[in-house]
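Colleague: Would you mind keeping the following structure in view while I ask a few things?
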Amino acid sequence: MENLNFPDFSLSSMRVYILLWLLTLAGCGMSPGGRDAADPITGDDSIASLLARAEAVDGAEAARLRMRAAERLLAEGRLFEAAEAAQSATVATPELQVRLALLRSRISLAASDNAAAMAWLREIALPDRGADYFIDYYLLLGDINQAMAQARQAVVAWAEITGLLDGAAGDDARRKTWAALESLSGPELEEMAASATSYELRGWIELARVVGSVQHSIPRQIDSLTSWRRAWEQHSGARRLPGQLRQLEAAWADRPRHIALILPLREAAGMAIQQGFLAGYYEALAVSREAPRISLFDSSGAGDIRPIYQRAVAAGVDLIVGPLYKDLVNQLLAAGELPTPTLALNYTDEDPPPGDGRLFQFALAPEDEIDAIIELAWRAGHRNAAAIYPANDVFLRLQDIFAERWQARGGSFVSSAAYLDAGNFTDVVKSVLDIDASEARLQRLRDILPRSNVEFTPRRRQDIDFIFLMANPQVGRQIKPALDFYYADDLPVFALPSIYDGFENPALNRDLDGIVFADAPSMLLDRNPALAASGAERRLQAMGIDSFRLYPRLQQFLRRQVTSLRGATGELRMERDRRIHRKLSPGRFDNGIAAPLALPGD
């Protein structure tokens, strides 16, 4: 298709042009995006009729009929037929060429062919003949970028038209813009702010920065919104906030006022979570005197959670946080619909039933840690994995989860080896690298050849791109040098968070250099001096902090008024099953120090 080149409009003249166009449409009783003036099709509007009538005419009229049929087919989800109808539309005028390219781009996007959708859009220069095309172009450009996980580019595109749309279309554009902004990190927003040139885009970025910087406190977010609206009163978001932000005051008004915390308070894990939970409580109390009332219930040694749970319900609480152990959480699921909203601190074995329900689940689940490693290794370009893991049923299950999810991603799982808790790890490393086979070949040569002084260098298997390691620091300090010794010093190693114990010991941890892992932000980025030094205890304290920060957000998550929350344990997101999952922060050992790892594109 010929590339269409239109004269450039300045931003101010373009806006004046569009506003005049909108006023003209309003006088005619039309809405932006309507195509009746450009597409005067009358008579039977069924798909079959449109296609039949297109066969009886030619030229622009036939093209309009086929495009109208393709739009109807697209709306019905009949993508293959829509693509066929669009392909058969032969157009000559620049206006119809633009409309056809937009249509084919939308069809490709609906078919999840994002590359084709973007290619069709690139066939169009920025249109200046009709504001409907200008709006359609940037709406579609934002949608494609969002589908390609390019949130920054999506925001830039949508910011071109959020100030031009009112009503339901405006609400939808602002909702999508804010959802994309929520997914961006602080450094990403800083980079965008440095290059933003338009008032509308700068306002969106500043809104995300001021609201995101106080994400852990709804009262602070409400205050920040008030200040932002005063400073940006001409911004489209100030005239009408995105729906997610309009709900903040209602969410705060409906927050739980009395919380029951059910934990094994006489056990180390329970005490660590309680410490974190109360740290979150005192943090909130410093901001607003409206912090909730907390009642503690001890579940130490409990085999049946029901009596403890019933006591909490009888206390008149609005939310229950806990219990911690999986068997007790399973009992809650088996009990059916709960009388009080509950944030369990573990995942059930069985998936919860569909429906709104009252059981939410939050856990430091190794499955989230495995997903993080898979994402890191895949982004690094690795495709063939091997695993080294402890020889017990728990870690065998985790290895199976890793292998299943890695292969589902498109990778290959080519080798694995298990080790005992202590001992010589040479045999394990030789097994996973297939050094044993190389040494066996040497022995066969020595049996055949008359001389025994055959020079020999063991060779590891060459189809491994990286090692997935499940180990604590003590084991890791032995396995990594063993890998290096057996000619695998160039083989990347990705490990679960257990590889890092939280203590800074460069001399001891140099044997871990190069190992990449994923962990809670509180371990790598936001090291709170009030948290414990021990990695295991600090992660549990971080879980307590996030449990408190989640308490006013659960209904917001459920209603999709908020999609993520930057927590001490990771970026928190709630899935449709009301399970809250964590996206962890990447780290790597360099010179014996565990440090955050910056990824390309972040």
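Chains: A, B, ... in order of the structure tokens. Residues: from 1 per chain. Ligands: from 1, in order shown.
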Segment 278-398 of chain A: which residues are strand (DSSP E) by DSSP, as a PyMOL selection string?
Modeller: chain A and resi 293-298+319-321+342-344+359-362+384-390
Colleague: Could you list, with a cut-off of 12 Å and counting only C-alpha atoms, the residues of segment 245-359 of chain A near segment 566-569 of chain A, each shown with its nearest atom pair and the distance in Å rounded to one decimal, rows sorted by chain and ascending number, as a tab-separated table?
Modeller:
```
residue	atom	partner	partner_atom	distance
A:Gly276	CA	A:Ala568	CA	9.9
A:Phe277	CA	A:Ala568	CA	11.5
A:Ala279	CA	A:Ala568	CA	11.8
A:Gly280	CA	A:Ala568	CA	10.5
```
Colleague: Generate a file of the selected residues that holds N, CA and C atoms, formatted as a compact mmCIF listing (two decimals), in the first residue's frame.
Modeller:
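Written out: selection_24.txt:
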```txt
# COMPACT_ATOMS: atom_id res chain seq x y z
N GLY A 276 5.98 -7.57 61.15
CA GLY A 276 5.80 -6.80 59.93
C GLY A 276 4.43 -6.17 59.85
N PHE A 277 3.40 -6.90 60.25
CA PHE A 277 2.04 -6.39 60.22
C PHE A 277 1.92 -5.14 61.11
N ALA A 279 4.39 -3.22 62.03
CA ALA A 279 5.19 -2.15 61.44
C ALA A 279 4.36 -1.38 60.41
N GLY A 280 3.58 -2.12 59.60
CA GLY A 280 2.67 -1.46 58.66
C GLY A 280 1.61 -0.65 59.37
```
Colleague: Might you pull out every residue within 10 Å of Leu103 of chain A, with only C-alpha atoms counted and same-chain residues fewer than 6 positions away left off, and present them as a list in words?
Modeller: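 Counting only C-alpha atoms, the residues come to Met67, Arg68, Ala70, Glu71, Leu74, Ala82, Ala83, Ala86, Gln97, Leu109, Ala117, Trp120 and Leu121 of chain A.
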Colleague: Which neighbours of Leu597 of chain A fall inside 7 Å, counting only C-alpha atoms, when residues of the same chain fewer than 6 positions from it are skipped, and could you give them as an NGL selection string?
Modeller: :A and (586-588)
Colleague: Closest to Pro341 of chain A among A:Val287, A:Ala253, A:Ile47, A:Leu554, using only C-alpha atoms?
Modeller: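 The answer is A:Leu554, which sits nearest to Pro341 of chain A.
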Colleague: Would you work out the distance separating atom CA of Ile273 of chain A from atom CA of Gly544 of chain A, expressed in Å to one decimal?
Modeller: 4.3 Å
Colleague: Taking 3 positions as the minimum chain separation for residues in the same chain, which residues sit within 7 Å of segment 310-325 of chain A when counting only C-alpha atoms? Answer as a PDB file with C-alpha atoms, in the first residue's frame.
Modeller:
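Okay, this is what ended up in around-v4.pdb:
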```
ATOM      1  CA  PRO A 256     -12.277  -2.525  57.404  1.00  0.00           C
ATOM      2  CA  ARG A 257     -12.229  -0.800  60.812  1.00  0.00           C
ATOM      3  CA  HIS A 258     -11.530  -3.908  62.933  1.00  0.00           C
ATOM      4  CA  ILE A 259      -9.075  -6.622  61.830  1.00  0.00           C
ATOM      5  CA  ALA A 260      -8.397 -10.031  63.367  1.00  0.00           C
ATOM      6  CA  LEU A 261      -4.855 -11.361  62.919  1.00  0.00           C
ATOM      7  CA  ILE A 262      -4.709 -15.159  63.246  1.00  0.00           C
ATOM      8  CA  LEU A 263      -1.097 -16.365  63.496  1.00  0.00           C
ATOM      9  CA  ARG A 306     -12.717 -23.375  63.059  1.00  0.00           C
ATOM     10  CA  PRO A 307     -12.932 -22.560  66.803  1.00  0.00           C
ATOM     11  CA  LEU A 328      -5.652 -24.620  58.089  1.00  0.00           C
ATOM     12  CA  VAL A 329      -6.313 -22.556  54.955  1.00  0.00           C
ATOM     13  CA  THR A 340     -16.264 -12.470  57.009  1.00  0.00           C
ATOM     14  CA  PRO A 341     -13.805 -11.401  54.290  1.00  0.00           C
ATOM     15  CA  THR A 342     -10.558 -13.282  54.938  1.00  0.00           C
ATOM     16  CA  LEU A 343      -7.010 -12.805  53.682  1.00  0.00           C
ATOM     17  CA  ALA A 344      -5.387 -16.223  54.151  1.00  0.00           C
ATOM     18  CA  LEU A 345      -1.589 -16.225  54.273  1.00  0.00           C
ATOM     19  CA  ASN A 346      -1.134 -19.317  52.142  1.00  0.00           C
TER      20      ASN A 346
END
```
Colleague: Restricting the calculation to only C-alpha atoms, which member of A:Arg64, A:Arg175, A:Arg266, A:Lys326 is positioned closest to Gly301 of chain A?
Modeller: A:Arg266
